[in-house]
$ cat work.csv   # CSV, C-alpha atoms and all ligand atoms
chain,number,residue,atom,x,y,z
A,1,ASP,CA,-13.1,-0.4,-21.0
A,2,TRP,CA,-10.9,-3.2,-20.0
A,3,SER,CA,-11.1,-6.9,-20.9
A,4,VAL,CA,-8.4,-9.4,-19.9
A,5,ASP,CA,-8.4,-11.1,-23.2
A,6,GLN,CA,-8.0,-7.8,-25.0
A,7,VAL,CA,-5.0,-6.8,-22.8
A,8,ILE,CA,-3.4,-10.2,-23.5
A,9,GLU,CA,-4.0,-10.1,-27.2
A,10,HIS,CA,-2.8,-6.5,-27.5
A,11,GLN,CA,0.3,-7.0,-25.4
A,12,VAL,CA,1.4,-10.2,-27.1
A,13,ALA,CA,1.2,-8.4,-30.5
A,14,ALA,CA,3.1,-5.4,-29.2
A,15,ILE,CA,5.8,-7.7,-27.7
A,16,ARG,CA,6.2,-9.6,-31.0
A,17,GLU,CA,6.6,-6.3,-32.8
A,18,GLN,CA,9.1,-5.0,-30.3
A,19,ILE,CA,11.4,-8.1,-29.9
A,20,GLY,CA,11.1,-9.5,-33.5
A,21,ASP,CA,13.5,-12.4,-33.9
A,22,LYS,CA,15.9,-11.1,-31.2
A,23,ARG,CA,16.5,-12.6,-27.7
A,24,ALA,CA,15.3,-11.3,-24.4
A,25,ILE,CA,15.9,-11.9,-20.7
A,26,VAL,CA,13.5,-11.5,-17.9
A,27,GLY,CA,14.4,-10.8,-14.3
A,28,LEU,CA,12.3,-13.0,-12.1
A,29,SER,CA,11.7,-12.0,-8.6
A,30,GLY,CA,9.3,-14.7,-7.5
A,31,GLY,CA,6.5,-12.2,-7.4
A,32,VAL,CA,3.3,-12.0,-9.5
A,33,ASP,CA,4.4,-9.0,-11.7
A,34,SER,CA,7.6,-10.5,-13.1
A,35,ALA,CA,6.0,-13.9,-13.5
A,36,VAL,CA,3.1,-12.5,-15.5
A,37,ALA,CA,5.4,-10.4,-17.6
A,38,ALA,CA,7.5,-13.5,-18.3
A,39,ALA,CA,4.5,-15.5,-19.2
A,40,LEU,CA,3.2,-12.8,-21.6
A,41,VAL,CA,6.6,-12.6,-23.3
A,42,GLN,CA,7.0,-16.3,-23.5
A,43,ARG,CA,3.6,-16.5,-25.2
A,44,ALA,CA,4.8,-13.9,-27.7
A,45,VAL,CA,8.3,-15.1,-28.5
A,46,GLY,CA,8.7,-18.6,-26.9
A,47,ASP,CA,12.2,-19.7,-26.2
A,48,GLN,CA,13.8,-16.5,-27.4
A,49,LEU,CA,13.2,-15.6,-23.7
A,50,THR,CA,15.6,-16.7,-20.9
A,51,ALA,CA,14.5,-16.1,-17.3
A,52,VAL,CA,17.1,-14.9,-14.8
A,53,TYR,CA,16.7,-15.1,-11.1
A,54,VAL,CA,19.2,-13.1,-9.1
A,55,ASN,CA,19.7,-14.1,-5.4
A,56,HIS,CA,20.9,-10.7,-4.0
A,57,GLY,CA,21.0,-12.0,-0.5
A,58,LEU,CA,18.0,-9.7,0.4
A,59,MET,CA,15.5,-12.5,0.0
A,60,ARG,CA,13.3,-14.0,2.7
A,61,LYS,CA,14.0,-17.3,4.3
A,62,ASP,CA,13.9,-20.3,1.8
A,63,GLU,CA,12.7,-18.0,-0.9
A,64,SER,CA,15.2,-18.8,-3.5
A,65,THR,CA,14.4,-22.5,-3.3
A,66,GLU,CA,10.6,-21.8,-3.4
A,67,ILE,CA,11.0,-19.7,-6.5
A,68,GLU,CA,13.0,-22.3,-8.3
A,69,ARG,CA,10.3,-24.9,-7.6
A,70,ALA,CA,7.4,-22.6,-8.5
A,71,PHE,CA,9.1,-21.5,-11.7
A,72,GLY,CA,8.7,-24.8,-13.6
A,73,ALA,CA,5.0,-24.8,-12.9
A,74,SER,CA,4.5,-21.2,-13.9
A,75,THR,CA,6.1,-20.9,-17.2
A,76,GLY,CA,5.8,-24.2,-19.0
A,77,GLY,CA,9.5,-24.9,-19.1
A,78,ALA,CA,11.1,-21.6,-20.1
A,79,LYS,CA,14.9,-21.5,-19.6
A,80,LEU,CA,16.0,-20.4,-16.1
A,81,VAL,CA,19.4,-19.2,-15.0
A,82,MET,CA,20.0,-18.8,-11.2
A,83,ILE,CA,22.7,-16.3,-10.3
A,84,ASP,CA,24.2,-16.0,-6.8
A,85,ALA,CA,25.1,-12.4,-6.4
A,86,GLU,CA,24.8,-12.1,-2.6
A,87,ALA,CA,28.4,-11.1,-2.0
A,88,ASP,CA,28.3,-8.6,-4.7
A,89,PHE,CA,25.1,-6.8,-3.6
A,90,LEU,CA,26.1,-6.9,0.1
A,91,SER,CA,29.5,-5.3,-0.5
A,92,ALA,CA,28.0,-2.6,-2.7
A,93,LEU,CA,25.5,-1.8,0.1
A,94,GLU,CA,28.0,-1.9,3.0
A,95,GLY,CA,27.6,1.1,5.3
A,96,VAL,CA,24.7,2.6,3.3
A,97,SER,CA,21.6,3.6,5.3
A,98,ASP,CA,19.9,6.2,3.2
A,99,PRO,CA,16.8,4.7,1.6
A,100,GLU,CA,17.1,6.3,-1.8
A,101,GLN,CA,20.8,5.5,-2.0
A,102,LYS,CA,20.0,1.8,-1.2
A,103,ARG,CA,17.4,1.7,-3.9
A,104,LYS,CA,19.7,3.2,-6.5
A,105,ILE,CA,22.6,0.8,-5.6
A,106,ILE,CA,20.2,-2.2,-5.8
A,107,GLY,CA,18.7,-1.0,-9.1
A,108,GLU,CA,22.1,-0.6,-10.6
A,109,ARG,CA,23.4,-4.0,-9.3
A,110,PHE,CA,20.4,-5.7,-10.8
A,111,ILE,CA,21.2,-4.3,-14.2
A,112,ARG,CA,25.0,-5.1,-13.9
A,113,THR,CA,24.0,-8.7,-13.0
A,114,PHE,CA,21.6,-8.9,-16.0
A,115,GLU,CA,24.4,-7.7,-18.3
A,116,GLN,CA,26.6,-10.5,-17.0
A,117,ALA,CA,23.8,-13.0,-17.7
A,118,GLN,CA,23.4,-11.5,-21.1
A,119,ALA,CA,27.2,-12.0,-21.8
A,120,ASP,CA,27.0,-15.6,-20.6
A,121,ILE,CA,24.0,-16.4,-22.8
A,122,VAL,CA,25.8,-15.0,-25.8
A,123,ALA,CA,29.0,-16.9,-25.0
A,124,GLU,CA,27.1,-20.2,-24.6
A,125,SER,CA,25.2,-20.0,-27.8
A,126,ALA,CA,27.9,-18.8,-30.1
A,127,HIS,CA,26.6,-21.2,-32.8
A,128,ASP,CA,23.2,-19.3,-32.9
A,129,PRO,CA,23.4,-16.0,-34.8
A,130,ASN,CA,20.2,-14.6,-33.2
A,131,ALA,CA,21.5,-15.3,-29.7
A,132,THR,CA,24.2,-12.7,-30.1
A,133,ASP,CA,21.5,-10.1,-30.0
A,134,VAL,CA,20.2,-10.3,-26.4
A,135,ARG,CA,19.1,-6.7,-26.4
A,136,PHE,CA,15.8,-6.8,-24.4
A,137,LEU,CA,15.2,-6.8,-20.7
A,138,VAL,CA,11.7,-7.7,-19.6
A,139,GLN,CA,10.5,-6.1,-16.4
A,140,GLY,CA,7.2,-6.6,-14.4
A,141,THR,CA,6.9,-2.8,-13.8
A,142,VAL,CA,3.3,-1.9,-12.9
A,143,TYR,CA,1.6,1.4,-12.9
A,144,PRO,CA,2.1,2.3,-9.2
A,145,ASP,CA,5.9,1.7,-9.6
A,146,VAL,CA,5.8,4.3,-12.4
A,147,ILE,CA,3.8,6.8,-10.4
A,148,GLU,CA,5.8,6.6,-7.2
A,149,SER,CA,9.1,6.9,-9.0
A,150,GLY,CA,8.0,10.2,-10.5
A,151,ASP,CA,8.0,8.8,-14.0
A,152,ALA,CA,4.4,9.6,-14.9
A,153,ASP,CA,3.7,13.1,-16.2
A,154,GLY,CA,3.9,15.8,-13.6
A,155,SER,CA,4.2,13.5,-10.6
A,156,LYS,CA,6.7,13.8,-7.8
A,157,VAL,CA,9.2,11.2,-6.6
A,158,ILE,CA,8.0,9.4,-3.5
A,159,LYS,CA,10.5,6.5,-3.7
A,160,SER,CA,12.6,5.2,-6.6
A,161,HIS,CA,11.3,1.7,-7.4
A,162,HIS,CA,14.3,-0.4,-8.3
A,163,ASN,CA,13.0,-1.1,-11.8
A,164,VAL,CA,12.1,2.5,-12.7
A,165,GLY,CA,13.8,5.4,-10.9
A,166,GLY,CA,16.5,3.1,-9.5
A,167,LEU,CA,17.8,2.2,-13.0
A,168,PRO,CA,21.3,3.3,-14.0
A,169,GLU,CA,21.6,6.1,-16.6
A,170,ASP,CA,23.9,4.1,-18.9
A,171,LEU,CA,21.3,1.4,-19.3
A,172,GLU,CA,21.9,-0.4,-22.6
A,173,PHE,CA,19.0,-2.8,-22.5
A,174,GLU,CA,15.8,-1.9,-24.3
A,175,LEU,CA,13.0,-2.4,-21.8
A,176,VAL,CA,9.9,-4.5,-22.4
A,177,GLU,CA,7.3,-3.7,-19.8
A,178,PRO,CA,3.9,-5.1,-20.8
A,179,LEU,CA,2.3,-4.4,-17.4
A,180,ARG,CA,3.3,-0.7,-17.2
A,181,GLN,CA,-0.3,0.5,-17.4
A,182,LEU,CA,-1.8,-2.1,-15.1
A,183,PHE,CA,-2.7,-2.3,-11.4
A,184,LYS,CA,-2.0,-5.4,-9.4
A,185,ASP,CA,-5.6,-6.7,-9.5
A,186,GLU,CA,-5.5,-6.5,-13.3
A,187,VAL,CA,-2.1,-8.2,-13.3
A,188,ARG,CA,-3.5,-11.0,-11.3
A,189,ALA,CA,-6.5,-11.4,-13.7
A,190,VAL,CA,-4.0,-11.6,-16.6
A,191,GLY,CA,-1.9,-14.2,-14.7
A,192,THR,CA,-4.9,-16.4,-14.0
A,193,LYS,CA,-6.1,-16.1,-17.6
A,194,LEU,CA,-2.6,-17.2,-18.8
A,195,GLY,CA,-2.9,-20.2,-16.5
A,196,LEU,CA,-0.4,-19.3,-13.8
A,197,PRO,CA,-0.9,-21.3,-10.5
A,198,ASP,CA,-2.7,-19.5,-7.6
A,199,GLU,CA,0.4,-19.9,-5.5
A,200,ILE,CA,2.1,-17.3,-7.8
A,201,VAL,CA,-0.9,-15.2,-8.7
A,202,TRP,CA,-2.0,-14.7,-5.1
A,203,ARG,CA,1.5,-14.3,-3.5
A,204,GLN,CA,1.7,-11.2,-1.4
A,205,PRO,CA,3.7,-8.5,-3.1
A,206,PHE,CA,7.4,-8.4,-2.2
A,207,PRO,CA,9.6,-5.5,-3.4
A,208,GLY,CA,12.5,-6.1,-5.7
A,209,PRO,CA,15.0,-4.5,-3.2
A,210,GLY,CA,13.7,-7.1,-0.8
A,211,LEU,CA,14.7,-7.0,2.9
A,212,GLY,CA,17.2,-4.3,2.0
A,213,ILE,CA,14.5,-1.7,2.4
A,214,ARG,CA,13.1,-3.3,5.5
A,215,ILE,CA,16.2,-2.7,7.6
A,216,VAL,CA,16.2,0.8,8.9
A,217,GLY,CA,19.9,1.5,9.1
A,218,ALA,CA,22.8,-0.1,7.3
A,219,ILE,CA,22.4,-3.6,5.8
A,220,SER,CA,24.6,-6.5,6.9
A,221,LYS,CA,24.4,-10.3,6.7
A,222,GLU,CA,23.8,-10.5,10.4
A,223,ARG,CA,21.0,-8.0,10.4
A,224,LEU,CA,19.4,-9.7,7.4
A,225,ASP,CA,19.5,-13.1,9.2
A,226,LEU,CA,17.7,-11.6,12.2
A,227,LEU,CA,15.0,-10.1,10.0
A,228,ARG,CA,14.7,-13.3,8.0
A,229,GLU,CA,14.0,-15.3,11.2
A,230,ALA,CA,11.4,-12.8,12.4
A,231,ASP,CA,9.7,-12.5,9.0
A,232,ALA,CA,9.5,-16.3,8.6
A,233,ILE,CA,7.6,-16.6,11.9
A,234,VAL,CA,5.1,-13.9,10.8
A,235,ARG,CA,4.5,-15.6,7.5
A,236,GLU,CA,4.1,-19.0,9.2
A,237,GLU,CA,1.6,-17.7,11.7
A,238,LEU,CA,-0.4,-15.7,9.2
A,239,THR,CA,-0.5,-18.7,6.8
A,240,ALA,CA,-1.6,-21.0,9.7
A,241,SER,CA,-4.4,-18.6,10.6
A,242,GLY,CA,-5.6,-18.4,7.0
A,243,LEU,CA,-5.3,-14.6,7.0
A,244,ASP,CA,-2.4,-14.4,4.5
A,245,ARG,CA,-4.7,-14.2,1.4
A,246,GLU,CA,-7.0,-11.5,2.7
A,247,ILE,CA,-4.0,-9.4,3.9
A,248,TRP,CA,-2.5,-7.4,1.0
A,249,GLN,CA,1.0,-7.5,2.4
A,250,SER,CA,2.7,-8.0,5.8
A,251,PRO,CA,6.2,-6.5,5.9
A,252,VAL,CA,8.3,-7.0,8.9
A,253,VAL,CA,10.8,-4.1,9.5
A,254,LEU,CA,14.0,-4.3,11.6
A,255,LEU,CA,14.9,-1.1,13.4
A,256,ALA,CA,18.6,-1.9,13.3
A,257,ASP,CA,19.9,1.3,14.9
A,258,VAL,CA,17.4,1.2,17.8
A,259,ARG,CA,17.8,-0.9,20.9
A,260,SER,CA,15.7,-1.1,24.0
A,261,VAL,CA,16.0,-2.7,27.4
A,262,GLY,CA,14.1,-5.9,28.2
A,263,VAL,CA,14.1,-8.8,30.5
A,264,ASN,CA,14.4,-12.5,29.9
A,265,ASP,CA,14.7,-15.3,32.4
A,266,GLY,CA,15.4,-12.7,35.1
A,267,GLY,CA,18.3,-11.2,33.1
A,268,ARG,CA,18.6,-7.9,31.2
A,269,THR,CA,18.4,-7.9,27.4
A,270,TYR,CA,19.3,-5.0,25.1
A,271,GLY,CA,18.0,-5.8,21.7
A,272,HIS,CA,16.4,-4.5,18.6
A,273,PRO,CA,12.6,-4.0,17.9
A,274,VAL,CA,10.8,-5.3,14.8
A,275,VAL,CA,7.8,-3.6,13.4
A,276,LEU,CA,4.8,-5.5,12.0
A,277,ARG,CA,3.3,-3.7,9.1
A,278,PRO,CA,0.2,-5.8,7.9
A,279,VAL,CA,-2.0,-3.8,5.5
A,280,HIS,CA,-5.1,-4.1,3.5
A,281,SER,CA,-5.0,-2.5,0.1
A,282,GLU,CA,-6.6,-2.6,-3.4
A,283,ASP,CA,-3.7,-1.5,-5.5
A,284,ALA,CA,-0.9,-0.3,-3.1
A,285,MET,CA,-1.7,3.3,-3.8
A,286,THR,CA,-3.6,3.6,-0.5
A,287,ALA,CA,-3.7,1.2,2.4
A,288,SER,CA,-5.0,0.8,5.9
A,289,PHE,CA,-3.6,-1.4,8.7
A,290,ALA,CA,-5.0,-4.9,8.9
A,291,ARG,CA,-6.9,-5.6,12.1
A,292,ILE,CA,-5.2,-8.9,13.0
A,293,PRO,CA,-6.8,-10.6,16.0
A,294,TYR,CA,-4.9,-9.9,19.3
A,295,ASP,CA,-4.3,-13.6,20.0
A,296,ILE,CA,-2.5,-14.1,16.7
A,297,LEU,CA,-0.5,-10.9,17.3
A,298,ASP,CA,0.3,-12.2,20.8
A,299,ARG,CA,1.6,-15.6,19.4
A,300,ILE,CA,3.7,-13.8,16.8
A,301,SER,CA,5.2,-11.5,19.5
A,302,GLN,CA,5.9,-14.4,21.9
A,303,ARG,CA,7.5,-16.5,19.2
A,304,ILE,CA,9.7,-13.8,17.8
A,305,THR,CA,11.0,-12.6,21.2
A,306,SER,CA,11.7,-16.2,22.4
A,307,GLU,CA,13.0,-17.7,19.1
A,308,VAL,CA,15.1,-14.9,17.6
A,309,ALA,CA,18.0,-13.9,19.8
A,310,GLY,CA,18.7,-10.2,19.5
A,311,ILE,CA,15.1,-9.1,19.0
A,312,ASN,CA,13.3,-8.3,22.3
A,313,ARG,CA,10.4,-6.1,21.3
A,314,VAL,CA,7.6,-6.4,18.7
A,315,VAL,CA,5.6,-3.3,17.7
A,316,LEU,CA,2.6,-2.8,15.4
A,317,ASP,CA,2.4,-0.1,12.8
A,318,ILE,CA,-1.1,1.3,12.6
A,319,THR,CA,-0.5,4.1,10.1
A,320,GLY,CA,-2.6,4.4,7.0
A,321,LYS,CA,-1.2,5.2,3.5
A,322,PRO,CA,-1.2,8.1,3.3
A,323,PRO,CA,0.5,9.4,5.3
A,324,GLY,CA,2.7,6.3,5.8
A,325,THR,CA,3.9,4.3,2.8
A,326,ILE,CA,3.6,0.5,3.0
A,327,GLU,CA,7.4,-0.1,3.2
A,328,TRP,CA,9.4,2.0,5.7
A,329,GLU,CA,12.0,3.1,3.1
A,401,LIG,P1,5.0,1.8,-0.8
A,401,LIG,O1,6.1,1.5,0.2
A,401,LIG,O2,5.5,3.0,-1.7
A,401,LIG,O3,4.9,0.6,-1.7
A,401,LIG,O4,3.7,2.1,-0.2
A,401,LIG,C1,3.9,0.3,-2.7
A,401,LIG,C2,4.1,-1.1,-3.2
A,401,LIG,O5,5.2,-1.2,-4.0
A,401,LIG,C3,6.2,-2.1,-3.4
A,401,LIG,N1,7.5,-1.6,-3.6
A,401,LIG,C4,8.3,-2.0,-4.6
A,401,LIG,N2,8.2,-3.0,-5.5
A,401,LIG,N3,10.4,-2.4,-6.3
A,401,LIG,C5,9.3,-3.2,-6.3
A,401,LIG,O6,9.2,-4.1,-7.1
A,401,LIG,C6,10.5,-1.4,-5.5
A,401,LIG,O7,11.6,-0.7,-5.5
A,401,LIG,C7,9.5,-1.2,-4.5
A,401,LIG,N4,9.3,-0.3,-3.5
A,401,LIG,C8,8.1,-0.5,-3.0
A,401,LIG,C9,5.7,-2.3,-2.0
A,401,LIG,O8,6.2,-3.5,-1.4
A,401,LIG,C10,4.2,-2.1,-2.0
A,401,LIG,O9,3.6,-3.3,-2.5

$ encode --input "work.csv" --output "structure tokens" --more "lines below"
Ligand code: XMP
Amino acid sequence: DWSVDQVIEHQVAAIREQIGDKRAIVGLSGGVDSAVAAALVQRAVGDQLTAVYVNHGLMRKDESTEIERAFGASTGGAKLVMIDAEADFLSALEGVSDPEQKRKIIGERFIRTFEQAQADIVAESAHDPNATDVRFLVQGTVYPDVIESGDADGSKVIKSHHNVGGLPEDLEFELVEPLRQLFKDEVRAVGTKLGLPDEIVWRQPFPGPGLGIRIVGAISKERLDLLREADAIVREELTASGLDREIWQSPVVLLADVRSVGVNDGGRTYGHPVVLRPVHSEDAMTASFARIPYDILDRISQRITSEVAGINRVVLDITGKPPGTIEWE
């Protein structure tokens, strides 16, 4: 039996018990899970918590700015540190196309970046004895992350979520994961109860490894920029049509190693395809493709192929989960 108030009360007490008078940092992704985890921990230990947002260069268009703006509204003024780690992540990922290897590299880079943030916080508050003990890392891990990473009893690895199976072995942080037993709809209910704005609570899920796992093939700045443009058009059109809230998630995937022949203004093109992957789901454990009206699909296709040089074909993924997963990697 599950009541939102009970979950909040129970988690706040457990967090207080775990963190005590020490300091914690929370990695903020802009998504609902990390925002709700941050809000719970802030309720429990107040300004012992510092939020850290890492720009890994794998974010969507304008996302870093949106997150910074939404943050103030969502956490009632917790401390926020923005870190630009784009160069660092992209060089660690150079030439890597294996999905699990990408996930492990991204998971590890996140932790190394949080360690740096931890060192900076300690250095800046040398006058405060409690600040030297930034030992806790808050993560918005939810139950499906745990299951798919093969971390629940007896389950197999489907993919290593960056915050579970993608963590480095020499992790020194003690993890605080108040949402580890919850599904997304429960996380949203907790977020609403804690007073987070709808714009955060009803954001479509976006994976921590970001666009890095939506480029099939090796990741580069150029490829990311192509995908960012196509993705921005899809988001714009789905928002304009009012469909974005009823669609669980609508990834756009760049097939970076595939090219096909097309024609534009009477001339030959030889460009990449993008895949649209709009899905309906209750909890990300199963999904079915979202039946988006053809005229909206048509507008999306026309805009992407005319506005994004280098992409000359748009295809629609109509696979359920299972047997597909939502993300392609
Ligand atoms: P799949 O692709 O396995 O994804 O059907 C299920 C849900 O989880 C998201 N996802 C992730 N979220 N870190 C995250 O924070 C990850 O490493 C990760 N991998 C997948 C995915 O977007 C979908 O909502």

$ closest_residue --input "work.csv" --among "A:Glu222, A:Glu174, A:Asp244, A:Asp33" --to "ligand LIG 401 (chain A)" --atoms "all atoms listed in the file"
A:Asp33

$ residues_around --input "work.csv" --residues "Leu297 (chain A)" --least-positions-apart "5" --cutoff "12 Å" --atoms "all atoms listed in the file" --output "PDB file with C-alpha atoms, keeping the file's coordinate frame"
ATOM      1  CA  ILE A 233       7.600 -16.600  11.900  1.00  0.00           C
ATOM      2  CA  VAL A 234       5.100 -13.900  10.800  1.00  0.00           C
ATOM      3  CA  ARG A 235       4.500 -15.600   7.500  1.00  0.00           C
ATOM      4  CA  GLU A 237       1.600 -17.700  11.700  1.00  0.00           C
ATOM      5  CA  LEU A 238      -0.400 -15.700   9.200  1.00  0.00           C
ATOM      6  CA  SER A 241      -4.400 -18.600  10.600  1.00  0.00           C
ATOM      7  CA  LEU A 243      -5.300 -14.600   7.000  1.00  0.00           C
ATOM      8  CA  VAL A 275       7.800  -3.600  13.400  1.00  0.00           C
ATOM      9  CA  LEU A 276       4.800  -5.500  12.000  1.00  0.00           C
ATOM     10  CA  ARG A 277       3.300  -3.700   9.100  1.00  0.00           C
ATOM     11  CA  PRO A 278       0.200  -5.800   7.900  1.00  0.00           C
ATOM     12  CA  ALA A 290      -5.000  -4.900   8.900  1.00  0.00           C
ATOM     13  CA  ARG A 291      -6.900  -5.600  12.100  1.00  0.00           C
ATOM     14  CA  ILE A 292      -5.200  -8.900  13.000  1.00  0.00           C
ATOM     15  CA  GLN A 302       5.900 -14.400  21.900  1.00  0.00           C
ATOM     16  CA  ARG A 303       7.500 -16.500  19.200  1.00  0.00           C
ATOM     17  CA  ILE A 304       9.700 -13.800  17.800  1.00  0.00           C
ATOM     18  CA  VAL A 314       7.600  -6.400  18.700  1.00  0.00           C
ATOM     19  CA  VAL A 315       5.600  -3.300  17.700  1.00  0.00           C
ATOM     20  CA  LEU A 316       2.600  -2.800  15.400  1.00  0.00           C
TER      21      LEU A 316
END

$ atom_distance --input "work.csv" --atom1 "CA of Gln139 (chain A)" --atom2 "CA of Leu227 (chain A)"
27.1 Å

$ closest_residue --input "work.csv" --among "A:Ala284, A:Leu224, A:Leu80, A:Lys61" --to "Ile147 (chain A)" --atoms "all atoms listed in the file"
A:Ala284

$ atom_distance --input "work.csv" --atom1 "CA of Gly267 (chain A)" --atom2 "CA of Arg313 (chain A)"
15.1 Å

$ atom_distance --input "work.csv" --atom1 "CA of Gly30 (chain A)" --atom2 "CA of Pro322 (chain A)"
27.3 Å

$ residues_near_ligand --input "work.csv" --ligand "ligand LIG 401 (chain A)" --cutoff "6 Å" --atoms "all atoms listed in the file" --output "list of chain:residue names"
A:His161, A:His162, A:Pro205, A:Phe206, A:Pro207, A:Gly208, A:Pro209, A:Ala284, A:Thr325, A:Ile326, A:Glu327

$ residues_around --input "work.csv" --residues "Gly27 (chain A)" --least-positions-apart "5" --cutoff "7 Å" --atoms "only C-alpha atoms" --output "ChimeraX atom specification"
/A:34,51-53,138-139

$ closest_residue --input "work.csv" --among "A:Gln249, A:Leu196, A:Arg60, A:Arg112" --to "Asp170 (chain A)" --atoms "all atoms listed in the file"
A:Arg112

$ residues_around --input "work.csv" --residues "region 13-23 of chain A" --least-positions-apart "4" --cutoff "7 Å" --atoms "all atoms listed in the file" --output "CSV table (one decimal) with C-alpha atoms, in the coordinates of the input"
chain,number,residue,atom,x,y,z
A,9,GLU,CA,-4.0,-10.1,-27.2
A,41,VAL,CA,6.6,-12.6,-23.3
A,44,ALA,CA,4.8,-13.9,-27.7
A,45,VAL,CA,8.3,-15.1,-28.5
A,48,GLN,CA,13.8,-16.5,-27.4
A,49,LEU,CA,13.2,-15.6,-23.7
A,130,ASN,CA,20.2,-14.6,-33.2
A,131,ALA,CA,21.5,-15.3,-29.7
A,133,ASP,CA,21.5,-10.1,-30.0
A,134,VAL,CA,20.2,-10.3,-26.4
A,135,ARG,CA,19.1,-6.7,-26.4
A,136,PHE,CA,15.8,-6.8,-24.4

$ closest_residue --input "work.csv" --among "A:Ile121, A:Ala218, A:Val146, A:Ile318" --to "Gly166 (chain A)" --atoms "all atoms listed in the file"
A:Val146

$ closest_residue --input "work.csv" --among "A:Lys156, A:His56, A:Arg69, A:Lys193" --to "Phe110 (chain A)" --atoms "all atoms listed in the file"
A:His56

$ residues_around --input "work.csv" --residues "Val157 (chain A)" --least-positions-apart "6" --cutoff "9 Å" --atoms "all atoms listed in the file" --output "short mmCIF file (atom, residue, chain, number, x, y, z; two decimals) with C-alpha atoms, keeping the file's coordinate frame"
data_model
loop_
_atom_site.label_atom_id
_atom_site.label_comp_id
_atom_site.auth_asym_id
_atom_site.auth_seq_id
_atom_site.Cartn_x
_atom_site.Cartn_y
_atom_site.Cartn_z
CA ILE A 147 3.80 6.80 -10.40
CA GLU A 148 5.80 6.60 -7.20
CA SER A 149 9.10 6.90 -9.00
CA GLY A 150 8.00 10.20 -10.50
CA ASP A 151 8.00 8.80 -14.00
CA GLY A 165 13.80 5.40 -10.90
#

$ closest_residue --input "work.csv" --among "A:Arg223, A:Arg245, A:Lys159, A:Arg43" --to "Gln204 (chain A)" --atoms "only C-alpha atoms"
A:Arg245

$ residues_around --input "work.csv" --residues "Gly271 (chain A)" --least-positions-apart "4" --cutoff "12 Å" --atoms "only C-alpha atoms" --output "list in words"
Arg223, Leu226, Leu254, Leu255, Ala256, Asp257, Val258, Arg259, Ser260, Val261, Gly262, Val263, Asn264, Thr305, Val308, Ala309, Gly310, Ile311, Asn312, Arg313 and Val314 of chain A

$ decode --input "work.csv" --residues "region 204-216 of chain A" --atoms "N, CA and C atoms" --output "PDB file, in the first residue's frame"
ATOM      1  N   GLN A 204       9.414  15.246 -20.435  1.00  0.00           N
ATOM      2  CA  GLN A 204       9.654  13.889 -20.945  1.00  0.00           C
ATOM      3  C   GLN A 204      10.981  13.382 -20.400  1.00  0.00           C
ATOM      4  N   PRO A 205      11.067  12.080 -20.086  1.00  0.00           N
ATOM      5  CA  PRO A 205      12.329  11.531 -19.591  1.00  0.00           C
ATOM      6  C   PRO A 205      13.448  11.749 -20.618  1.00  0.00           C
ATOM      7  N   PHE A 206      14.638  12.023 -20.116  1.00  0.00           N
ATOM      8  CA  PHE A 206      15.812  12.165 -20.980  1.00  0.00           C
ATOM      9  C   PHE A 206      16.951  11.426 -20.274  1.00  0.00           C
ATOM     10  N   PRO A 207      17.620  10.507 -20.951  1.00  0.00           N
ATOM     11  CA  PRO A 207      18.616   9.676 -20.251  1.00  0.00           C
ATOM     12  C   PRO A 207      19.864  10.469 -19.876  1.00  0.00           C
ATOM     13  N   GLY A 208      20.463  10.121 -18.750  1.00  0.00           N
ATOM     14  CA  GLY A 208      21.690  10.785 -18.308  1.00  0.00           C
ATOM     15  C   GLY A 208      22.775  10.837 -19.386  1.00  0.00           C
ATOM     16  N   PRO A 209      22.999   9.742 -20.128  1.00  0.00           N
ATOM     17  CA  PRO A 209      24.025   9.785 -21.180  1.00  0.00           C
ATOM     18  C   PRO A 209      23.620  10.625 -22.383  1.00  0.00           C
ATOM     19  N   GLY A 210      22.405  11.170 -22.354  1.00  0.00           N
ATOM     20  CA  GLY A 210      21.980  12.156 -23.326  1.00  0.00           C
ATOM     21  C   GLY A 210      22.032  11.673 -24.766  1.00  0.00           C
ATOM     22  N   LEU A 211      22.394  12.600 -25.651  1.00  0.00           N
ATOM     23  CA  LEU A 211      22.420  12.281 -27.073  1.00  0.00           C
ATOM     24  C   LEU A 211      23.534  11.292 -27.418  1.00  0.00           C
ATOM     25  N   GLY A 212      24.422  11.043 -26.462  1.00  0.00           N
ATOM     26  CA  GLY A 212      25.522  10.105 -26.691  1.00  0.00           C
ATOM     27  C   GLY A 212      25.040   8.703 -27.035  1.00  0.00           C
ATOM     28  N   ILE A 213      23.870   8.333 -26.505  1.00  0.00           N
ATOM     29  CA  ILE A 213      23.328   7.002 -26.805  1.00  0.00           C
ATOM     30  C   ILE A 213      22.218   7.088 -27.855  1.00  0.00           C
ATOM     31  N   ARG A 214      22.145   8.265 -28.526  1.00  0.00           N
ATOM     32  CA  ARG A 214      21.192   8.413 -29.640  1.00  0.00           C
ATOM     33  C   ARG A 214      21.930   8.642 -30.951  1.00  0.00           C
ATOM     34  N   ILE A 215      23.248   8.445 -30.927  1.00  0.00           N
ATOM     35  CA  ILE A 215      24.029   8.462 -32.160  1.00  0.00           C
ATOM     36  C   ILE A 215      24.525   7.034 -32.334  1.00  0.00           C
ATOM     37  N   VAL A 216      24.023   6.347 -33.344  1.00  0.00           N
ATOM     38  CA  VAL A 216      24.484   4.984 -33.578  1.00  0.00           C
ATOM     39  C   VAL A 216      25.769   5.115 -34.385  1.00  0.00           C
TER      40      VAL A 216
END
